[in-house]
file upload08.pdb (PDB, C-alpha atoms, pLDDT in the B column)
ATOM      1  CA  MET A  80     320.111 146.084 191.334  1.00 41.00           C
ATOM      2  CA  ASN A  81     322.771 143.524 192.272  1.00 37.00           C
ATOM      3  CA  ARG A  82     325.725 145.789 192.967  1.00 38.00           C
ATOM      4  CA  ARG A  83     328.232 142.944 192.863  1.00 36.00           C
ATOM      5  CA  HIS A  84     327.838 143.055 189.092  1.00 38.00           C
ATOM      6  CA  PHE A  85     327.937 146.824 188.915  1.00 39.00           C
ATOM      7  CA  GLY A  86     331.445 147.026 187.452  1.00 39.00           C
ATOM      8  CA  ARG A  87     330.293 145.102 184.394  1.00 38.00           C
ATOM      9  CA  ARG A  88     327.328 147.418 183.978  1.00 40.00           C
ATOM     10  CA  VAL A  89     329.284 150.674 184.112  1.00 41.00           C
ATOM     11  CA  ALA A  90     330.431 150.361 180.501  1.00 39.00           C
ATOM     12  CA  ALA A  91     326.893 149.707 179.304  1.00 40.00           C
ATOM     13  CA  GLY A  92     325.616 152.489 181.507  1.00 43.00           C
ATOM     14  CA  LEU A  93     328.149 154.936 180.138  1.00 43.00           C
ATOM     15  CA  THR A  94     327.172 154.069 176.582  1.00 41.00           C
ATOM     16  CA  ALA A  95     323.553 154.805 177.423  1.00 42.00           C
ATOM     17  CA  ALA A  96     324.525 157.999 179.229  1.00 44.00           C
ATOM     18  CA  VAL A  97     326.415 159.238 176.182  1.00 42.00           C
ATOM     19  CA  ALA A  98     323.440 158.408 173.983  1.00 40.00           C
ATOM     20  CA  ALA A  99     321.255 160.338 176.396  1.00 42.00           C
ATOM     21  CA  THR A 100     323.663 163.266 176.165  1.00 41.00           C
ATOM     22  CA  MET A 101     323.262 163.405 172.407  1.00 37.00           C
ATOM     23  CA  MET A 102     319.501 163.169 172.746  1.00 35.00           C
ATOM     24  CA  PHE A 103     319.248 165.888 175.403  1.00 38.00           C
ATOM     25  CA  THR A 104     321.614 168.441 173.850  1.00 37.00           C
ATOM     26  CA  GLY A 105     321.873 167.676 170.155  1.00 38.00           C
ATOM     27  CA  VAL A 106     325.464 168.936 170.411  1.00 36.00           C
ATOM     28  CA  VAL A 107     328.395 166.536 170.372  1.00 34.00           C
ATOM     29  CA  SER A 108     331.926 166.634 169.049  1.00 36.00           C
ATOM     30  CA  ALA A 109     334.570 164.050 168.275  1.00 34.00           C
ATOM     31  CA  GLN A 110     337.457 163.835 170.705  1.00 41.00           C
ATOM     32  CA  PRO A 111     340.479 161.473 170.445  1.00 39.00           C
ATOM     33  CA  ALA A 112     340.087 158.693 173.006  1.00 39.00           C
ATOM     34  CA  ASP A 113     343.741 158.957 174.059  1.00 45.00           C
ATOM     35  CA  SER A 114     343.316 162.655 174.940  1.00 50.00           C
ATOM     36  CA  ALA A 115     341.095 161.906 177.933  1.00 49.00           C
ATOM     37  CA  PRO A 116     342.880 162.284 181.303  1.00 56.00           C
ATOM     38  CA  VAL A 117     343.154 159.132 183.361  1.00 64.00           C
ATOM     39  CA  VAL A 118     343.338 158.788 187.135  1.00 74.00           C
ATOM     40  CA  ASP A 119     342.914 155.518 188.990  1.00 77.00           C
ATOM     41  CA  PRO A 120     339.414 155.623 190.554  1.00 82.00           C
ATOM     42  CA  ALA A 121     340.801 154.563 193.923  1.00 85.00           C
ATOM     43  CA  THR A 122     343.188 157.551 193.895  1.00 87.00           C
ATOM     44  CA  ALA A 123     340.389 159.884 192.851  1.00 89.00           C
ATOM     45  CA  ILE A 124     338.090 158.651 195.603  1.00 90.00           C
ATOM     46  CA  ALA A 125     340.862 158.885 198.205  1.00 91.00           C
ATOM     47  CA  LYS A 126     341.468 162.547 197.309  1.00 92.00           C
ATOM     48  CA  LEU A 127     337.770 163.350 197.401  1.00 94.00           C
ATOM     49  CA  ARG A 128     337.319 161.647 200.757  1.00 94.00           C
ATOM     50  CA  THR A 129     339.788 164.079 202.317  1.00 94.00           C
ATOM     51  CA  VAL A 130     337.775 166.984 200.896  1.00 96.00           C
ATOM     52  CA  ALA A 131     334.483 165.496 202.110  1.00 95.00           C
ATOM     53  CA  ALA A 132     335.692 164.983 205.683  1.00 95.00           C
ATOM     54  CA  GLY A 133     333.203 166.523 208.081  1.00 95.00           C
ATOM     55  CA  ASN A 134     330.340 166.601 205.563  1.00 95.00           C
ATOM     56  CA  PRO A 135     328.169 163.534 206.329  1.00 95.00           C
ATOM     57  CA  GLU A 136     326.316 163.474 202.992  1.00 95.00           C
ATOM     58  CA  ALA A 137     329.500 163.820 200.934  1.00 95.00           C
ATOM     59  CA  GLU A 138     331.278 161.225 203.077  1.00 94.00           C
ATOM     60  CA  ALA A 139     328.413 158.747 202.644  1.00 94.00           C
ATOM     61  CA  ALA A 140     328.341 159.249 198.868  1.00 92.00           C
ATOM     62  CA  LEU A 141     332.061 158.585 198.562  1.00 92.00           C
ATOM     63  CA  GLU A 142     331.844 155.565 200.864  1.00 91.00           C
ATOM     64  CA  ARG A 143     329.325 154.059 198.441  1.00 87.00           C
ATOM     65  CA  LEU A 144     331.755 154.631 195.580  1.00 84.00           C
ATOM     66  CA  ALA A 145     334.677 153.198 197.546  1.00 84.00           C
ATOM     67  CA  ALA A 146     332.753 150.043 198.493  1.00 81.00           C
ATOM     68  CA  SER A 147     331.787 149.081 194.931  1.00 70.00           C
ATOM     69  CA  PRO A 148     333.628 148.270 191.696  1.00 59.00           C
ATOM     70  CA  THR A 149     334.535 151.354 189.663  1.00 56.00           C
ATOM     71  CA  ASP A 150     335.671 149.986 186.299  1.00 53.00           C
ATOM     72  CA  THR A 151     335.494 152.769 183.716  1.00 48.00           C
ATOM     73  CA  ALA A 152     334.840 152.840 179.993  1.00 43.00           C
ATOM     74  CA  ALA A 153     336.504 155.159 177.490  1.00 43.00           C
ATOM     75  CA  THR A 154     334.459 157.290 175.138  1.00 41.00           C
ATOM     76  CA  ASN A 155     335.339 159.570 172.237  1.00 40.00           C
ATOM     77  CA  ILE A 156     332.086 161.534 172.392  1.00 39.00           C
ATOM     78  CA  ALA A 157     331.946 164.786 174.346  1.00 45.00           C
ATOM     79  CA  LEU A 158     329.631 167.648 175.122  1.00 48.00           C
ATOM     80  CA  PRO A 159     330.910 171.190 174.619  1.00 63.00           C
ATOM     81  CA  GLY A 160     332.885 170.163 177.680  1.00 78.00           C
ATOM     82  CA  GLN A 161     333.884 166.895 179.309  1.00 92.00           C
ATOM     83  CA  ILE A 162     331.532 164.133 180.410  1.00 92.00           C
ATOM     84  CA  PHE A 163     332.312 162.232 183.624  1.00 92.00           C
ATOM     85  CA  GLN A 164     333.514 158.697 182.967  1.00 90.00           C
ATOM     86  CA  ILE A 165     331.278 157.006 185.557  1.00 91.00           C
ATOM     87  CA  PRO A 166     327.545 157.812 185.323  1.00 93.00           C
ATOM     88  CA  ALA A 167     325.105 158.196 188.203  1.00 95.00           C
ATOM     89  CA  TYR A 168     322.301 155.859 189.251  1.00 94.00           C
ATOM     90  CA  SER A 169     319.295 157.084 191.238  1.00 95.00           C
ATOM     91  CA  ASP A 170     316.086 155.836 192.795  1.00 93.00           C
ATOM     92  CA  THR A 171     314.155 157.056 189.749  1.00 90.00           C
ATOM     93  CA  GLY A 172     316.751 156.939 186.984  1.00 83.00           C
ATOM     94  CA  GLN A 173     315.686 157.460 183.393  1.00 76.00           C
ATOM     95  CA  GLY A 174     312.894 154.943 183.856  1.00 66.00           C
ATOM     96  CA  GLY A 175     311.708 152.272 181.468  1.00 65.00           C
ATOM     97  CA  PRO A 176     312.894 148.682 180.948  1.00 66.00           C
ATOM     98  CA  VAL A 177     316.167 149.622 179.199  1.00 66.00           C
ATOM     99  CA  LEU A 178     317.705 152.475 181.194  1.00 70.00           C
ATOM    100  CA  GLY A 179     316.144 151.579 184.559  1.00 76.00           C
ATOM    101  CA  GLN A 180     317.969 153.383 187.361  1.00 89.00           C
ATOM    102  CA  LEU A 181     320.678 154.809 185.088  1.00 93.00           C
ATOM    103  CA  TYR A 182     320.295 158.485 185.863  1.00 94.00           C
ATOM    104  CA  GLY A 183     322.781 160.661 183.972  1.00 94.00           C
ATOM    105  CA  ALA A 184     326.310 161.991 184.334  1.00 95.00           C
ATOM    106  CA  GLY A 185     328.369 164.864 185.583  1.00 96.00           C
ATOM    107  CA  VAL A 186     330.034 167.194 183.132  1.00 95.00           C
ATOM    108  CA  ALA A 187     332.625 169.957 183.253  1.00 96.00           C
ATOM    109  CA  THR A 188     332.081 172.925 180.932  1.00 93.00           C
ATOM    110  CA  ASN A 189     334.298 175.841 180.031  1.00 89.00           C
ATOM    111  CA  MET A 190     332.075 178.350 178.285  1.00 84.00           C
ATOM    112  CA  SER A 191     333.092 182.047 178.047  1.00 84.00           C
ATOM    113  CA  ASN A 192     336.224 181.208 180.075  1.00 86.00           C
ATOM    114  CA  GLN A 193     334.113 180.070 183.021  1.00 92.00           C
ATOM    115  CA  PHE A 194     334.866 176.585 184.319  1.00 95.00           C
ATOM    116  CA  ARG A 195     331.799 174.976 185.879  1.00 97.00           C
ATOM    117  CA  PHE A 196     330.718 171.564 187.038  1.00 97.00           C
ATOM    118  CA  GLY A 197     327.331 170.325 185.902  1.00 97.00           C
ATOM    119  CA  PHE A 198     324.922 167.421 185.612  1.00 97.00           C
ATOM    120  CA  PHE A 199     322.428 166.228 183.022  1.00 94.00           C
ATOM    121  CA  GLY A 200     319.923 163.392 183.045  1.00 93.00           C
ATOM    122  CA  GLY A 201     316.868 162.065 184.777  1.00 91.00           C
ATOM    123  CA  PRO A 202     313.229 161.767 183.820  1.00 91.00           C
ATOM    124  CA  GLY A 203     311.573 164.690 182.030  1.00 90.00           C
ATOM    125  CA  VAL A 204     313.523 167.951 182.304  1.00 93.00           C
ATOM    126  CA  ILE A 205     315.373 169.536 185.209  1.00 96.00           C
ATOM    127  CA  ALA A 206     312.880 171.605 187.182  1.00 96.00           C
ATOM    128  CA  ASN A 207     313.506 175.294 187.782  1.00 93.00           C
ATOM    129  CA  ASP A 208     312.166 174.930 191.333  1.00 94.00           C
ATOM    130  CA  GLN A 209     314.582 172.838 193.383  1.00 96.00           C
ATOM    131  CA  THR A 210     312.814 173.222 196.725  1.00 96.00           C
ATOM    132  CA  GLY A 211     313.473 170.138 198.855  1.00 97.00           C
ATOM    133  CA  ALA A 212     316.376 168.921 196.697  1.00 98.00           C
ATOM    134  CA  GLU A 213     320.091 169.682 196.642  1.00 98.00           C
ATOM    135  CA  LEU A 214     322.733 168.528 194.170  1.00 98.00           C
ATOM    136  CA  ASP A 215     326.395 169.003 195.107  1.00 98.00           C
ATOM    137  CA  VAL A 216     329.819 168.318 193.632  1.00 98.00           C
ATOM    138  CA  VAL A 217     332.962 167.534 195.617  1.00 98.00           C
ATOM    139  CA  TYR A 218     336.178 168.248 193.695  1.00 98.00           C
ATOM    140  CA  TYR A 219     339.976 168.230 193.953  1.00 97.00           C
ATOM    141  CA  SER A 220     342.575 169.783 191.615  1.00 96.00           C
ATOM    142  CA  PHE A 221     345.839 167.878 191.203  1.00 94.00           C
ATOM    143  CA  ALA A 222     347.404 171.009 189.694  1.00 93.00           C
ATOM    144  CA  THR A 223     346.852 173.412 192.590  1.00 96.00           C
ATOM    145  CA  GLY A 224     345.406 171.377 195.454  1.00 96.00           C
ATOM    146  CA  ALA A 225     342.264 173.518 195.350  1.00 97.00           C
ATOM    147  CA  SER A 226     339.242 171.619 196.591  1.00 98.00           C
ATOM    148  CA  GLY A 227     335.752 172.091 197.878  1.00 97.00           C
ATOM    149  CA  ILE A 228     332.065 171.269 197.713  1.00 98.00           C
ATOM    150  CA  VAL A 229     329.738 173.484 195.675  1.00 98.00           C
ATOM    151  CA  LYS A 230     326.055 173.359 194.768  1.00 98.00           C
ATOM    152  CA  LEU A 231     324.794 172.719 191.258  1.00 98.00           C
ATOM    153  CA  ASP A 232     321.906 175.166 191.228  1.00 96.00           C
ATOM    154  CA  GLN A 233     322.084 177.130 187.970  1.00 96.00           C
ATOM    155  CA  ASN A 234     319.764 175.561 185.409  1.00 96.00           C
ATOM    156  CA  ASN A 235     320.304 176.102 181.652  1.00 92.00           C
ATOM    157  CA  VAL A 236     323.041 178.666 182.256  1.00 91.00           C
ATOM    158  CA  ALA A 237     326.237 177.146 180.848  1.00 88.00           C
ATOM    159  CA  VAL A 238     324.699 174.550 178.506  1.00 86.00           C
ATOM    160  CA  PRO A 239     321.010 173.805 177.769  1.00 89.00           C
ATOM    161  CA  THR A 240     319.506 170.933 179.791  1.00 91.00           C
ATOM    162  CA  VAL A 241     322.440 171.018 182.243  1.00 95.00           C
ATOM    163  CA  VAL A 242     322.262 172.233 185.844  1.00 97.00           C
ATOM    164  CA  SER A 243     325.579 173.856 186.728  1.00 97.00           C
ATOM    165  CA  SER A 244     327.625 175.209 189.586  1.00 98.00           C
ATOM    166  CA  PRO A 245     328.735 178.832 189.738  1.00 97.00           C
ATOM    167  CA  PRO A 246     332.124 179.363 188.042  1.00 97.00           C
ATOM    168  CA  VAL A 247     334.911 177.558 189.937  1.00 97.00           C
ATOM    169  CA  ALA A 248     338.279 179.323 190.129  1.00 95.00           C
ATOM    170  CA  GLY A 249     341.732 178.325 191.340  1.00 96.00           C
ATOM    171  CA  LEU A 250     341.942 174.936 189.627  1.00 95.00           C
ATOM    172  CA  GLY A 251     344.971 175.780 187.483  1.00 93.00           C
ATOM    173  CA  SER A 252     345.674 173.896 184.264  1.00 89.00           C
ATOM    174  CA  GLY A 253     345.603 170.180 184.889  1.00 89.00           C
ATOM    175  CA  LEU A 254     343.654 167.228 186.199  1.00 92.00           C
ATOM    176  CA  VAL A 255     340.591 167.669 188.386  1.00 94.00           C
ATOM    177  CA  VAL A 256     338.590 164.831 189.960  1.00 95.00           C
ATOM    178  CA  ALA A 257     334.990 165.368 190.985  1.00 97.00           C
ATOM    179  CA  ALA A 258     331.890 163.476 192.090  1.00 97.00           C
ATOM    180  CA  VAL A 259     328.277 164.666 191.939  1.00 98.00           C
ATOM    181  CA  TYR A 260     325.854 163.441 194.618  1.00 98.00           C
ATOM    182  CA  GLY A 261     322.569 164.438 196.243  1.00 98.00           C
ATOM    183  CA  SER A 262     319.109 164.968 194.771  1.00 98.00           C
ATOM    184  CA  LEU A 263     317.448 166.895 191.963  1.00 97.00           C
ATOM    185  CA  ASN A 264     313.867 167.810 191.048  1.00 97.00           C
ATOM    186  CA  HIS A 265     312.574 167.041 187.552  1.00 96.00           C
ATOM    187  CA  GLN A 266     309.473 168.296 185.789  1.00 95.00           C
ATOM    188  CA  VAL A 267     307.664 165.329 184.250  1.00 93.00           C
ATOM    189  CA  GLY A 268     304.510 166.625 182.613  1.00 94.00           C
ATOM    190  CA  PRO A 269     302.478 168.359 185.332  1.00 95.00           C
ATOM    191  CA  ASN A 270     304.361 166.575 188.133  1.00 95.00           C
ATOM    192  CA  VAL A 271     307.606 167.277 189.961  1.00 96.00           C
ATOM    193  CA  VAL A 272     309.682 164.131 190.562  1.00 94.00           C
ATOM    194  CA  LYS A 273     312.583 164.128 193.018  1.00 96.00           C
ATOM    195  CA  SER A 274     315.505 161.867 192.134  1.00 96.00           C
ATOM    196  CA  THR A 275     318.033 160.858 194.794  1.00 96.00           C
ATOM    197  CA  ILE A 276     321.422 159.553 193.655  1.00 96.00           C
ATOM    198  CA  TRP A 277     322.633 156.351 195.315  1.00 93.00           C
ATOM    199  CA  TRP A 278     325.635 155.850 192.965  1.00 92.00           C
ATOM    200  CA  PRO A 279     327.455 159.197 192.441  1.00 95.00           C
ATOM    201  CA  THR A 280     328.823 160.160 189.042  1.00 95.00           C
ATOM    202  CA  LEU A 281     332.645 160.308 189.169  1.00 94.00           C
ATOM    203  CA  GLY A 282     334.905 161.992 186.636  1.00 93.00           C
ATOM    204  CA  THR A 283     338.426 163.103 185.832  1.00 91.00           C
ATOM    205  CA  VAL A 284     338.570 166.212 183.657  1.00 92.00           C
ATOM    206  CA  LEU A 285     341.006 168.885 182.530  1.00 91.00           C
ATOM    207  CA  ALA A 286     340.714 172.421 183.903  1.00 88.00           C
TER     208      ALA A 286
END

call {"tool": "encode", "arguments": {"input": "upload08.pdb", "output": "structure tokens"}}
result
Amino acid sequence: MNRRHFGRRVAAGLTAAVAATMMFTGVVSAQPADSAPVVDPATAIAKLRTVAAGNPEAEAALERLAASPTDTAATNIALPGQIFQIPAYSDTGQGGPVLGQLYGAGVATNMSNQFRFGFFGGPGVIANDQTGAELDVVYYSFATGASGIVKLDQNNVAVPTVVSSPPVAGLGSGLVVAAVYGSLNHQVGPNVVKSTIWWPTLGTVLA
């Protein structure tokens, strides 16, 4: 993919990611477009870079975001939670001539008063066995300054077809920025396919 034109493709990619969300979950709800929190991507990435300091994989993921255009597209479709505004691309993606390397998107859920980060997407379904793969989220809360890096390793716990983090506490009530990076195993028929993200999914959500 020619990454110089990536900014123009984010809007199209997000549209496809939202369509994939509806297909994977069958659960969507209308949400006013002006209710979505907005943070300049450069500010979000700058905050996350401070959190990622000292973690080579997280630092490299955020450097890739910082070095490329990050135009965002608004959407008024949501999961039982909040979809990240910038979707992920991976070495496998969804596959096929239309979606190509478009992979999926991060999501924040608040089910049973448990705030979690999550991710959906990829070929086939998310495999229960994640041996050899690791998906992580780096986050920062503007409300409390709480930050960290946590694994997304709980499959089909918060929402079906979504791999989630354990509950995340201490975020307060306000804006949170987060980026999901790393790799994830998918079950595609009898085979396990490992997808590695080269363009992290970035989002601003409300805790």

call {"tool": "resolve_selection", "arguments": {"input": "upload08.pdb", "expression": "the PyMOL selection byres ((chain A and resi 212) around 6)", "output": "list in words"}}
result
Gln209, Thr210, Gly211, Glu213, Ser262 and Leu263 of chain A

call {"tool": "atom_distance", "arguments": {"input": "upload08.pdb", "atom1": "CA of Thr223 in chain A", "atom2": "CA of Ala286 in chain A"}}
result
10.7 Å

call {"tool": "closest_residue", "arguments": {"input": "upload08.pdb", "among": "A:Leu231, A:Ala140, A:Leu250, A:Ala237", "to": "Thr280 in chain A", "atoms": "only C-alpha atoms"}}
result
A:Ala140

call {"tool": "atom_distance", "arguments": {"input": "upload08.pdb", "atom1": "CA of Thr240 in chain A", "atom2": "CA of Leu214 in chain A"}}
result
14.9 Å

call {"tool": "resolve_selection", "arguments": {"input": "upload08.pdb", "expression": "the PyMOL selection byres ((chain A and resi 259) around 7)", "output": "PDB file with C-alpha atoms, in the coordinates of the input"}}
result
ATOM      1  CA  GLY A 185     328.369 164.864 185.583  1.00 96.00           C
ATOM      2  CA  ASP A 215     326.395 169.003 195.107  1.00 98.00           C
ATOM      3  CA  VAL A 216     329.819 168.318 193.632  1.00 98.00           C
ATOM      4  CA  VAL A 217     332.962 167.534 195.617  1.00 98.00           C
ATOM      5  CA  ALA A 257     334.990 165.368 190.985  1.00 97.00           C
ATOM      6  CA  ALA A 258     331.890 163.476 192.090  1.00 97.00           C
ATOM      7  CA  TYR A 260     325.854 163.441 194.618  1.00 98.00           C
ATOM      8  CA  PRO A 279     327.455 159.197 192.441  1.00 95.00           C
ATOM      9  CA  THR A 280     328.823 160.160 189.042  1.00 95.00           C
ATOM     10  CA  LEU A 281     332.645 160.308 189.169  1.00 94.00           C
TER      11      LEU A 281
END

call {"tool": "residues_near_point", "arguments": {"input": "upload08.pdb", "point": "(331.7, 158.3, 193.4)", "cutoff": "12 Å", "atoms": "only C-alpha atoms", "output": "VMD selection string"}}
result
chain A and resid 120 to 128 131 137 to 151 163 to 168 184 to 185 216 to 218 256 to 261 276 to 283

call {"tool": "atom_distance", "arguments": {"input": "upload08.pdb", "atom1": "CA of Gly268 in chain A", "atom2": "CA of Ser243 in chain A"}}
result
22.7 Å

call {"tool": "resolve_selection", "arguments": {"input": "upload08.pdb", "expression": "the PyMOL selection byres ((chain A and resi 188-199) around 6)", "output": "number ranges by chain"}}
result
A: 160, 183-187, 200, 241-244, 246-247

call {"tool": "closest_residue", "arguments": {"input": "upload08.pdb", "among": "A:Ile228, A:Ala132, A:Leu181, A:Val204", "to": "Asn264 in chain A", "atoms": "only C-alpha atoms"}}
result
A:Val204

call {"tool": "closest_residue", "arguments": {"input": "upload08.pdb", "among": "A:Val267, A:Val229, A:Leu254, A:Leu285", "to": "Val130 in chain A", "atoms": "all atoms listed in the file"}}
result
A:Val229

call {"tool": "residues_around", "arguments": {"input": "upload08.pdb", "residues": "Gly201 in chain A", "least_positions_apart": "6", "cutoff": "7 Å", "atoms": "all atoms listed in the file", "output": "PyMOL selection string"}}
result
chain A and resi 172-173+182-183

call {"tool": "closest_residue", "arguments": {"input": "upload08.pdb", "among": "A:Gln266, A:Ser226, A:Gln233, A:Asn134", "to": "Pro202 in chain A", "atoms": "all atoms listed in the file"}}
result
A:Gln266

call {"tool": "closest_residue", "arguments": {"input": "upload08.pdb", "among": "A:Gly253, A:Pro239, A:Gly179, A:Gly203", "to": "Gly224 in chain A", "atoms": "all atoms listed in the file"}}
result
A:Gly253

call {"tool": "closest_residue", "arguments": {"input": "upload08.pdb", "among": "A:Val118, A:Ile162, A:Ala222, A:Ala206", "to": "Asn234 in chain A", "atoms": "only C-alpha atoms"}}
result
A:Ala206
